[in-house]
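**Q** Contents of run.pdb (PDB, C-alpha atoms) are given next:
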```pdb
MODEL        1
ATOM      1  CA  MET A   1      65.991   0.841 -44.039  1.00  0.00           C
ATOM      2  CA  SER A   2      69.047   2.543 -42.621  1.00  0.00           C
ATOM      3  CA  THR A   3      72.014   0.713 -41.200  1.00  0.00           C
ATOM      4  CA  PRO A   4      71.780   0.232 -37.431  1.00  0.00           C
ATOM      5  CA  ARG A   5      74.038   2.325 -35.250  1.00  0.00           C
ATOM      6  CA  LEU A   6      77.160   0.309 -34.446  1.00  0.00           C
ATOM      7  CA  ILE A   7      78.391   0.008 -30.880  1.00  0.00           C
ATOM      8  CA  LYS A   8      81.592  -1.894 -30.214  1.00  0.00           C
ATOM      9  CA  LYS A   9      82.259  -3.636 -26.929  1.00  0.00           C
ATOM     10  CA  TYR A  10      85.919  -3.827 -26.000  1.00  0.00           C
ATOM     11  CA  PRO A  11      87.615  -6.378 -23.731  1.00  0.00           C
ATOM     12  CA  ASN A  12      87.788  -3.764 -20.968  1.00  0.00           C
ATOM     13  CA  ARG A  13      83.935  -3.930 -21.020  1.00  0.00           C
ATOM     14  CA  ARG A  14      83.649  -0.402 -22.422  1.00  0.00           C
ATOM     15  CA  LEU A  15      81.117   0.391 -25.123  1.00  0.00           C
ATOM     16  CA  TYR A  16      82.164   2.587 -28.032  1.00  0.00           C
ATOM     17  CA  ASP A  17      79.549   4.338 -30.174  1.00  0.00           C
ATOM     18  CA  THR A  18      81.010   4.526 -33.669  1.00  0.00           C
ATOM     19  CA  GLN A  19      78.467   7.161 -34.741  1.00  0.00           C
ATOM     20  CA  THR A  20      79.472   9.699 -32.090  1.00  0.00           C
ATOM     21  CA  SER A  21      83.058   8.422 -31.664  1.00  0.00           C
ATOM     22  CA  THR A  22      82.610   8.329 -27.890  1.00  0.00           C
ATOM     23  CA  TYR A  23      82.496   5.782 -25.132  1.00  0.00           C
ATOM     24  CA  ILE A  24      78.993   5.260 -23.763  1.00  0.00           C
ATOM     25  CA  THR A  25      77.392   3.514 -20.801  1.00  0.00           C
ATOM     26  CA  LEU A  26      74.500   1.093 -20.437  1.00  0.00           C
ATOM     27  CA  VAL A  27      72.377   4.102 -19.478  1.00  0.00           C
ATOM     28  CA  ASP A  28      73.152   5.585 -22.901  1.00  0.00           C
ATOM     29  CA  VAL A  29      72.250   2.300 -24.606  1.00  0.00           C
ATOM     30  CA  LYS A  30      68.980   2.251 -22.628  1.00  0.00           C
ATOM     31  CA  GLN A  31      68.268   5.746 -23.941  1.00  0.00           C
ATOM     32  CA  LEU A  32      68.836   4.517 -27.507  1.00  0.00           C
ATOM     33  CA  VAL A  33      66.191   1.850 -26.844  1.00  0.00           C
ATOM     34  CA  ILE A  34      63.780   4.422 -25.405  1.00  0.00           C
ATOM     35  CA  ASP A  35      64.420   6.724 -28.382  1.00  0.00           C
ATOM     36  CA  GLN A  36      63.705   3.752 -30.675  1.00  0.00           C
ATOM     37  CA  GLU A  37      67.128   3.994 -32.321  1.00  0.00           C
ATOM     38  CA  GLU A  38      68.237   0.951 -34.274  1.00  0.00           C
ATOM     39  CA  PHE A  39      71.596  -0.256 -33.007  1.00  0.00           C
ATOM     40  CA  GLN A  40      73.779  -3.318 -32.851  1.00  0.00           C
ATOM     41  CA  VAL A  41      76.409  -4.123 -30.246  1.00  0.00           C
ATOM     42  CA  VAL A  42      79.331  -6.206 -31.491  1.00  0.00           C
ATOM     43  CA  ASP A  43      82.458  -7.570 -29.868  1.00  0.00           C
ATOM     44  CA  ALA A  44      85.260  -5.297 -31.102  1.00  0.00           C
ATOM     45  CA  LYS A  45      87.673  -8.210 -31.451  1.00  0.00           C
ATOM     46  CA  SER A  46      85.574 -11.089 -32.835  1.00  0.00           C
ATOM     47  CA  GLY A  47      82.670  -9.195 -34.410  1.00  0.00           C
ATOM     48  CA  ASP A  48      80.153 -11.407 -32.546  1.00  0.00           C
ATOM     49  CA  ASP A  49      76.710  -9.864 -32.049  1.00  0.00           C
ATOM     50  CA  LEU A  50      76.311  -8.912 -28.379  1.00  0.00           C
ATOM     51  CA  THR A  51      73.061  -6.960 -28.677  1.00  0.00           C
ATOM     52  CA  ARG A  52      70.903  -9.494 -26.793  1.00  0.00           C
ATOM     53  CA  PRO A  53      73.328  -9.884 -23.848  1.00  0.00           C
ATOM     54  CA  ILE A  54      73.562  -6.089 -23.532  1.00  0.00           C
ATOM     55  CA  LEU A  55      69.754  -5.759 -23.585  1.00  0.00           C
ATOM     56  CA  LEU A  56      69.473  -8.521 -20.974  1.00  0.00           C
ATOM     57  CA  GLN A  57      72.043  -6.688 -18.846  1.00  0.00           C
ATOM     58  CA  ILE A  58      69.936  -3.512 -19.041  1.00  0.00           C
ATOM     59  CA  ILE A  59      66.827  -5.488 -18.032  1.00  0.00           C
ATOM     60  CA  LEU A  60      68.736  -7.030 -15.113  1.00  0.00           C
ATOM     61  CA  GLU A  61      69.844  -3.603 -13.893  1.00  0.00           C
ATOM     62  CA  GLU A  62      66.295  -2.251 -14.233  1.00  0.00           C
ATOM     63  CA  GLU A  63      64.901  -5.229 -12.316  1.00  0.00           C
ATOM     64  CA  GLN A  64      67.406  -4.650  -9.495  1.00  0.00           C
ATOM     65  CA  ALA A  65      66.984  -0.867  -9.398  1.00  0.00           C
ATOM     66  CA  GLY A  66      63.350  -0.293  -8.619  1.00  0.00           C
ATOM     67  CA  VAL A  67      60.009  -1.939  -8.943  1.00  0.00           C
ATOM     68  CA  PRO A  68      60.622  -5.182 -10.822  1.00  0.00           C
ATOM     69  CA  MET A  69      58.468  -6.032 -13.814  1.00  0.00           C
ATOM     70  CA  PHE A  70      58.973  -9.783 -13.406  1.00  0.00           C
ATOM     71  CA  THR A  71      58.089 -11.677 -10.241  1.00  0.00           C
ATOM     72  CA  SER A  72      60.190 -14.617  -9.081  1.00  0.00           C
ATOM     73  CA  PRO A  73      57.459 -17.127 -10.071  1.00  0.00           C
ATOM     74  CA  VAL A  74      57.334 -15.664 -13.600  1.00  0.00           C
ATOM     75  CA  LEU A  75      61.106 -15.834 -13.964  1.00  0.00           C
ATOM     76  CA  THR A  76      61.053 -19.397 -12.612  1.00  0.00           C
ATOM     77  CA  GLN A  77      58.481 -20.418 -15.211  1.00  0.00           C
ATOM     78  CA  ILE A  78      60.424 -18.747 -18.021  1.00  0.00           C
ATOM     79  CA  ILE A  79      63.586 -20.622 -16.968  1.00  0.00           C
ATOM     80  CA  ARG A  80      61.654 -23.896 -17.026  1.00  0.00           C
ATOM     81  CA  PHE A  81      60.807 -23.342 -20.684  1.00  0.00           C
ATOM     82  CA  TYR A  82      64.491 -23.368 -21.714  1.00  0.00           C
ATOM     83  CA  GLY A  83      65.277 -26.739 -23.262  1.00  0.00           C
ATOM     84  CA  ASN A  84      61.591 -27.655 -23.206  1.00  0.00           C
ATOM     85  CA  ALA A  85      59.813 -28.652 -26.415  1.00  0.00           C
ATOM     86  CA  MET A  86      57.583 -25.590 -25.961  1.00  0.00           C
ATOM     87  CA  GLN A  87      60.518 -23.111 -25.802  1.00  0.00           C
ATOM     88  CA  GLY A  88      60.021 -21.807 -29.347  1.00  0.00           C
ATOM     89  CA  ILE A  89      56.276 -21.500 -28.914  1.00  0.00           C
ATOM     90  CA  MET A  90      56.688 -19.692 -25.587  1.00  0.00           C
ATOM     91  CA  GLY A  91      59.122 -17.164 -27.068  1.00  0.00           C
ATOM     92  CA  SER A  92      56.773 -16.471 -29.955  1.00  0.00           C
ATOM     93  CA  TYR A  93      53.794 -16.281 -27.597  1.00  0.00           C
ATOM     94  CA  LEU A  94      55.529 -13.734 -25.342  1.00  0.00           C
ATOM     95  CA  GLU A  95      56.682 -11.681 -28.309  1.00  0.00           C
ATOM     96  CA  LYS A  96      53.192 -11.543 -29.821  1.00  0.00           C
ATOM     97  CA  ASN A  97      51.615 -10.618 -26.488  1.00  0.00           C
ATOM     98  CA  VAL A  98      54.114  -7.833 -25.879  1.00  0.00           C
ATOM     99  CA  GLN A  99      53.435  -6.544 -29.407  1.00  0.00           C
ATOM    100  CA  ALA A 100      49.667  -6.685 -28.765  1.00  0.00           C
ATOM    101  CA  PHE A 101      50.196  -4.706 -25.565  1.00  0.00           C
ATOM    102  CA  ILE A 102      52.264  -2.103 -27.460  1.00  0.00           C
ATOM    103  CA  ASP A 103      49.579  -1.844 -30.163  1.00  0.00           C
ATOM    104  CA  ILE A 104      46.839  -1.346 -27.554  1.00  0.00           C
ATOM    105  CA  GLN A 105      48.935   1.228 -25.716  1.00  0.00           C
ATOM    106  CA  GLN A 106      49.601   3.190 -28.924  1.00  0.00           C
ATOM    107  CA  LYS A 107      45.912   3.148 -29.854  1.00  0.00           C
ATOM    108  CA  LEU A 108      44.934   4.419 -26.401  1.00  0.00           C
ATOM    109  CA  GLN A 109      47.576   7.145 -26.598  1.00  0.00           C
ATOM    110  CA  GLU A 110      46.245   8.260 -29.984  1.00  0.00           C
ATOM    111  CA  GLN A 111      42.665   8.304 -28.678  1.00  0.00           C
ATOM    112  CA  SER A 112      43.724  10.135 -25.509  1.00  0.00           C
ATOM    113  CA  ARG A 113      45.660  12.704 -27.527  1.00  0.00           C
ATOM    114  CA  ALA A 114      42.653  13.267 -29.795  1.00  0.00           C
ATOM    115  CA  PHE A 115      40.378  13.637 -26.753  1.00  0.00           C
ATOM    116  CA  TYR A 116      42.797  16.071 -25.109  1.00  0.00           C
ATOM    117  CA  ASP A 117      43.212  18.132 -28.278  1.00  0.00           C
ATOM    118  CA  SER A 118      39.487  18.312 -29.078  1.00  0.00           C
ATOM    119  CA  ASN A 119      38.338  19.140 -25.538  1.00  0.00           C
ATOM    120  CA  LYS A 120      41.172  21.516 -24.608  1.00  0.00           C
ATOM    121  CA  ILE A 121      41.064  20.462 -20.982  1.00  0.00           C
ATOM    122  CA  GLY A 122      43.591  21.745 -18.449  1.00  0.00           C
ATOM    123  CA  PRO A 123      46.592  19.797 -17.163  1.00  0.00           C
ATOM    124  CA  GLU A 124      44.923  18.878 -13.835  1.00  0.00           C
ATOM    125  CA  ALA A 125      41.786  17.553 -15.534  1.00  0.00           C
ATOM    126  CA  TRP A 126      43.949  15.679 -18.042  1.00  0.00           C
ATOM    127  CA  THR A 127      45.931  14.037 -15.209  1.00  0.00           C
ATOM    128  CA  GLN A 128      42.697  12.961 -13.517  1.00  0.00           C
ATOM    129  CA  PHE A 129      41.380  11.573 -16.801  1.00  0.00           C
ATOM    130  CA  ALA A 130      44.619   9.639 -17.406  1.00  0.00           C
ATOM    131  CA  ASN A 131      44.534   8.252 -13.847  1.00  0.00           C
ATOM    132  CA  LEU A 132      40.968   7.048 -14.372  1.00  0.00           C
ATOM    133  CA  GLN A 133      42.067   5.198 -17.508  1.00  0.00           C
ATOM    134  CA  SER A 134      44.618   3.088 -15.637  1.00  0.00           C
ATOM    135  CA  PRO A 135      42.100   0.675 -14.021  1.00  0.00           C
ATOM    136  CA  MET A 136      40.248   0.403 -17.329  1.00  0.00           C
ATOM    137  CA  ILE A 137      43.462  -0.484 -19.161  1.00  0.00           C
ATOM    138  CA  GLN A 138      44.377  -3.008 -16.443  1.00  0.00           C
ATOM    139  CA  SER A 139      40.918  -4.609 -16.752  1.00  0.00           C
ATOM    140  CA  MET A 140      41.163  -4.695 -20.533  1.00  0.00           C
ATOM    141  CA  MET A 141      44.617  -6.330 -20.393  1.00  0.00           C
ATOM    142  CA  THR A 142      43.376  -8.891 -17.844  1.00  0.00           C
ATOM    143  CA  ASN A 143      40.510  -9.785 -20.174  1.00  0.00           C
ATOM    144  CA  TYR A 144      42.892 -10.022 -23.121  1.00  0.00           C
ATOM    145  CA  ILE A 145      45.253 -12.323 -21.214  1.00  0.00           C
ATOM    146  CA  GLU A 146      42.357 -14.516 -20.072  1.00  0.00           C
ATOM    147  CA  GLN A 147      41.050 -14.810 -23.647  1.00  0.00           C
ATOM    148  CA  SER A 148      44.564 -15.537 -24.890  1.00  0.00           C
ATOM    149  CA  LYS A 149      44.978 -18.232 -22.232  1.00  0.00           C
ATOM    150  CA  ASN A 150      41.659 -19.839 -23.175  1.00  0.00           C
ATOM    151  CA  LEU A 151      42.613 -19.864 -26.861  1.00  0.00           C
ATOM    152  CA  PHE A 152      45.977 -21.411 -26.033  1.00  0.00           C
ATOM    153  CA  VAL A 153      44.316 -24.168 -23.967  1.00  0.00           C
ATOM    154  CA  GLN A 154      41.864 -24.810 -26.806  1.00  0.00           C
ATOM    155  CA  MET A 155      44.726 -25.003 -29.294  1.00  0.00           C
ATOM    156  CA  GLN A 156      46.568 -27.442 -27.040  1.00  0.00           C
ATOM    157  CA  GLU A 157      43.461 -29.648 -26.721  1.00  0.00           C
ATOM    158  CA  ASN A 158      42.957 -29.588 -30.507  1.00  0.00           C
ATOM    159  CA  MET A 159      46.585 -30.602 -31.064  1.00  0.00           C
ATOM    160  CA  GLN A 160      46.220 -33.490 -28.600  1.00  0.00           C
ATOM    161  CA  ASN A 161      43.012 -34.665 -30.293  1.00  0.00           C
ATOM    162  CA  GLN A 162      44.607 -34.468 -33.742  1.00  0.00           C
ATOM    163  CA  THR A 163      47.652 -36.378 -32.514  1.00  0.00           C
ATOM    164  CA  ARG A 164      45.463 -39.089 -30.981  1.00  0.00           C
ATOM    165  CA  SER A 165      43.453 -39.439 -34.182  1.00  0.00           C
ATOM    166  CA  MET A 166      46.638 -39.628 -36.294  1.00  0.00           C
ATOM    167  CA  PHE A 167      48.042 -42.499 -34.245  1.00  0.00           C
ATOM    168  CA  THR A 168      44.879 -44.556 -33.586  1.00  0.00           C
ATOM    169  CA  GLY A 169      45.667 -46.915 -36.481  1.00  0.00           C
ATOM    170  CA  PHE A 170      49.138 -47.810 -35.214  1.00  0.00           C
ATOM    171  CA  PRO A 171      49.459 -50.965 -33.096  1.00  0.00           C
ATOM    172  CA  PHE A 172      51.291 -49.585 -30.071  1.00  0.00           C
ATOM    173  CA  THR A 173      52.021 -51.850 -27.160  1.00  0.00           C
ATOM    174  CA  PRO A 174      52.383 -50.411 -23.688  1.00  0.00           C
ATOM    175  CA  PRO A 175      55.929 -50.396 -22.290  1.00  0.00           C
ATOM    176  CA  GLN A 176      56.848 -53.497 -20.289  1.00  0.00           C
ATOM    177  CA  ASP A 177      57.655 -53.221 -16.615  1.00  0.00           C
ATOM    178  CA  LYS A 178      61.389 -53.866 -16.271  1.00  0.00           C
ATOM    179  CA  LYS A 179      60.988 -55.918 -13.085  1.00  0.00           C
ATOM    180  CA  GLY A 180      58.360 -58.434 -14.132  1.00  0.00           C
ATOM    181  CA  GLY A 181      58.855 -58.603 -17.851  1.00  0.00           C
TER     182      GLY A 181
ENDMDL
END
```
Before we go any further, please render this structure as structure tokens.
**A**
Amino acid sequence: MSTPRLIKKYPNRRLYDTQTSTYITLVDVKQLVIDQEEFQVVDAKSGDDLTRPILLQIILEEEQAGVPMFTSPVLTQIIRFYGNAMQGIMGSYLEKNVQAFIDIQQKLQEQSRAFYDSNKIGPEAWTQFANLQSPMIQSMMTNYIEQSKNLFVQMQENMQNQTRSMFTGFPFTPPQDKKGG
């Protein structure tokens, strides 16, 4: 593996790309993400890793600029998971689902490219074909999410049952009411 591209963030909030020896903007950093370039943003003074805050800043700007990807209820639910016992599980769950979506998207792109190459269809026909795929992909993702949700609920029920069975031999007494004793 190669060393990630180093970007330094200075106190004046400017970003300096050490590879090109130039100052860059968040738009440039977004392009690095799109181009799948490995990079790391560090505080020029302390050396602290600032990559995540910079990525979150890009997401915030994208959310404010056009059609948001996250609805207010989704963001509300995500915020509720911070400090919750399920925070680590939720982060892992989201990461795995995003990766599954990426894998599905790549597979569909490969299949579409193979179909396009083998059938030598024109640009208009290709656009129509791609537009027809969108509802199919949406349906497939909805089914995937529903199956994932069902598996998660099953897992949660299994964990509860296992916990109950582990503690059935312990003599627990219900908590006493503070008023009556």
**Q** Take CA of Phe167 in chain A and CA of Gly83 in chain A and report the distance between them in Å, one decimal.
**A**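 We find that CA of Phe167 in chain A and CA of Gly83 in chain A lie 25.8 Å from each other.
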**Q** Which polymer residues have any atom within 8 Å of an atom of Met90 in chain A, counting all atoms listed in the file, with same-chain residues fewer than 4 positions away left out, as a list in words?
**A**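 Once the adjacent positions are removed, what remains is Phe81, Met86 and Leu94 of chain A.
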**Q** Could you tell me how far CA of Phe152 in chain A sits from CA of Gly88 in chain A, in Å to one decimal place?
**A**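 Computing the Euclidean distance for CA of Gly88 in chain A and CA of Phe152 in chain A yields 14.4 Å.
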**Q** Quick one: contact table of range 53-77 of chain A to range 18-38 of chain A, 10 Å max, nearest atom pair and distance in Å to one decimal per residue, counting all atoms listed in the file, chain and number order, as a Markdown table?
**A**
```
| residue | atom | partner | partner_atom | distance |
| --- | --- | --- | --- | --- |
| A:Ile54 | CA | A:Leu26 | CA | 7.9 |
| A:Leu55 | CA | A:Lys30 | CA | 8.1 |
| A:Gln57 | CA | A:Leu26 | CA | 8.3 |
| A:Ile58 | CA | A:Leu26 | CA | 6.6 |
| A:Ile59 | CA | A:Lys30 | CA | 9.3 |
| A:Glu61 | CA | A:Leu26 | CA | 9.3 |
| A:Glu62 | CA | A:Lys30 | CA | 9.9 |
```
**Q** Separation of CA of Glu124 in chain A and CA of Met136 in chain A, in Å?
**A**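 It comes out at 19.4 Å.
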**Q** I would like the residues chosen by the PyMOL selection byres ((chain A and resi 45) around 12) on the shown file; could you give them as a VMD selection string?
**A** chain A and resid 8 to 13 42 to 44 46 to 50
**Q** Let me see the file: selected residues, C-alpha atoms, as a PDB file, keeping the file's coordinate frame.
**A**
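Saved to again-v6.pdb:
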```
ATOM      1  CA  LYS A   8      81.592  -1.894 -30.214  1.00  0.00           C
ATOM      2  CA  LYS A   9      82.259  -3.636 -26.929  1.00  0.00           C
ATOM      3  CA  TYR A  10      85.919  -3.827 -26.000  1.00  0.00           C
ATOM      4  CA  PRO A  11      87.615  -6.378 -23.731  1.00  0.00           C
ATOM      5  CA  ASN A  12      87.788  -3.764 -20.968  1.00  0.00           C
ATOM      6  CA  ARG A  13      83.935  -3.930 -21.020  1.00  0.00           C
ATOM      7  CA  VAL A  42      79.331  -6.206 -31.491  1.00  0.00           C
ATOM      8  CA  ASP A  43      82.458  -7.570 -29.868  1.00  0.00           C
ATOM      9  CA  ALA A  44      85.260  -5.297 -31.102  1.00  0.00           C
ATOM     10  CA  SER A  46      85.574 -11.089 -32.835  1.00  0.00           C
ATOM     11  CA  GLY A  47      82.670  -9.195 -34.410  1.00  0.00           C
ATOM     12  CA  ASP A  48      80.153 -11.407 -32.546  1.00  0.00           C
ATOM     13  CA  ASP A  49      76.710  -9.864 -32.049  1.00  0.00           C
ATOM     14  CA  LEU A  50      76.311  -8.912 -28.379  1.00  0.00           C
TER      15      LEU A  50
END
```
**Q** Of the candidates A:Ser134, A:Asn84, A:Asn97, A:Gln77, which shows the shortest atom-to-atom distance to Lys149 in chain A, using all atoms listed in the file?
**A** A:Asn97
**Q** Run the PyMOL selection byres ((chain A and resi 3) around 10) on the file and write out the hits as a list in words.
**A**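 Expected selection for the PyMOL selection byres ((chain A and resi 3) around 10) here is Met1, Ser2, Pro4, Arg5, Leu6, Glu38, Phe39 and Gln40 of chain A.
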**Q** Here is a test: counting all atoms listed in the file, which residue of A:Leu60, A:Val67, A:Met141, A:Ile7 is nearest to Gln105 in chain A?
**A**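 Among A:Leu60, A:Val67, A:Met141, A:Ile7, it is A:Met141 that comes nearest to Gln105 in chain A.
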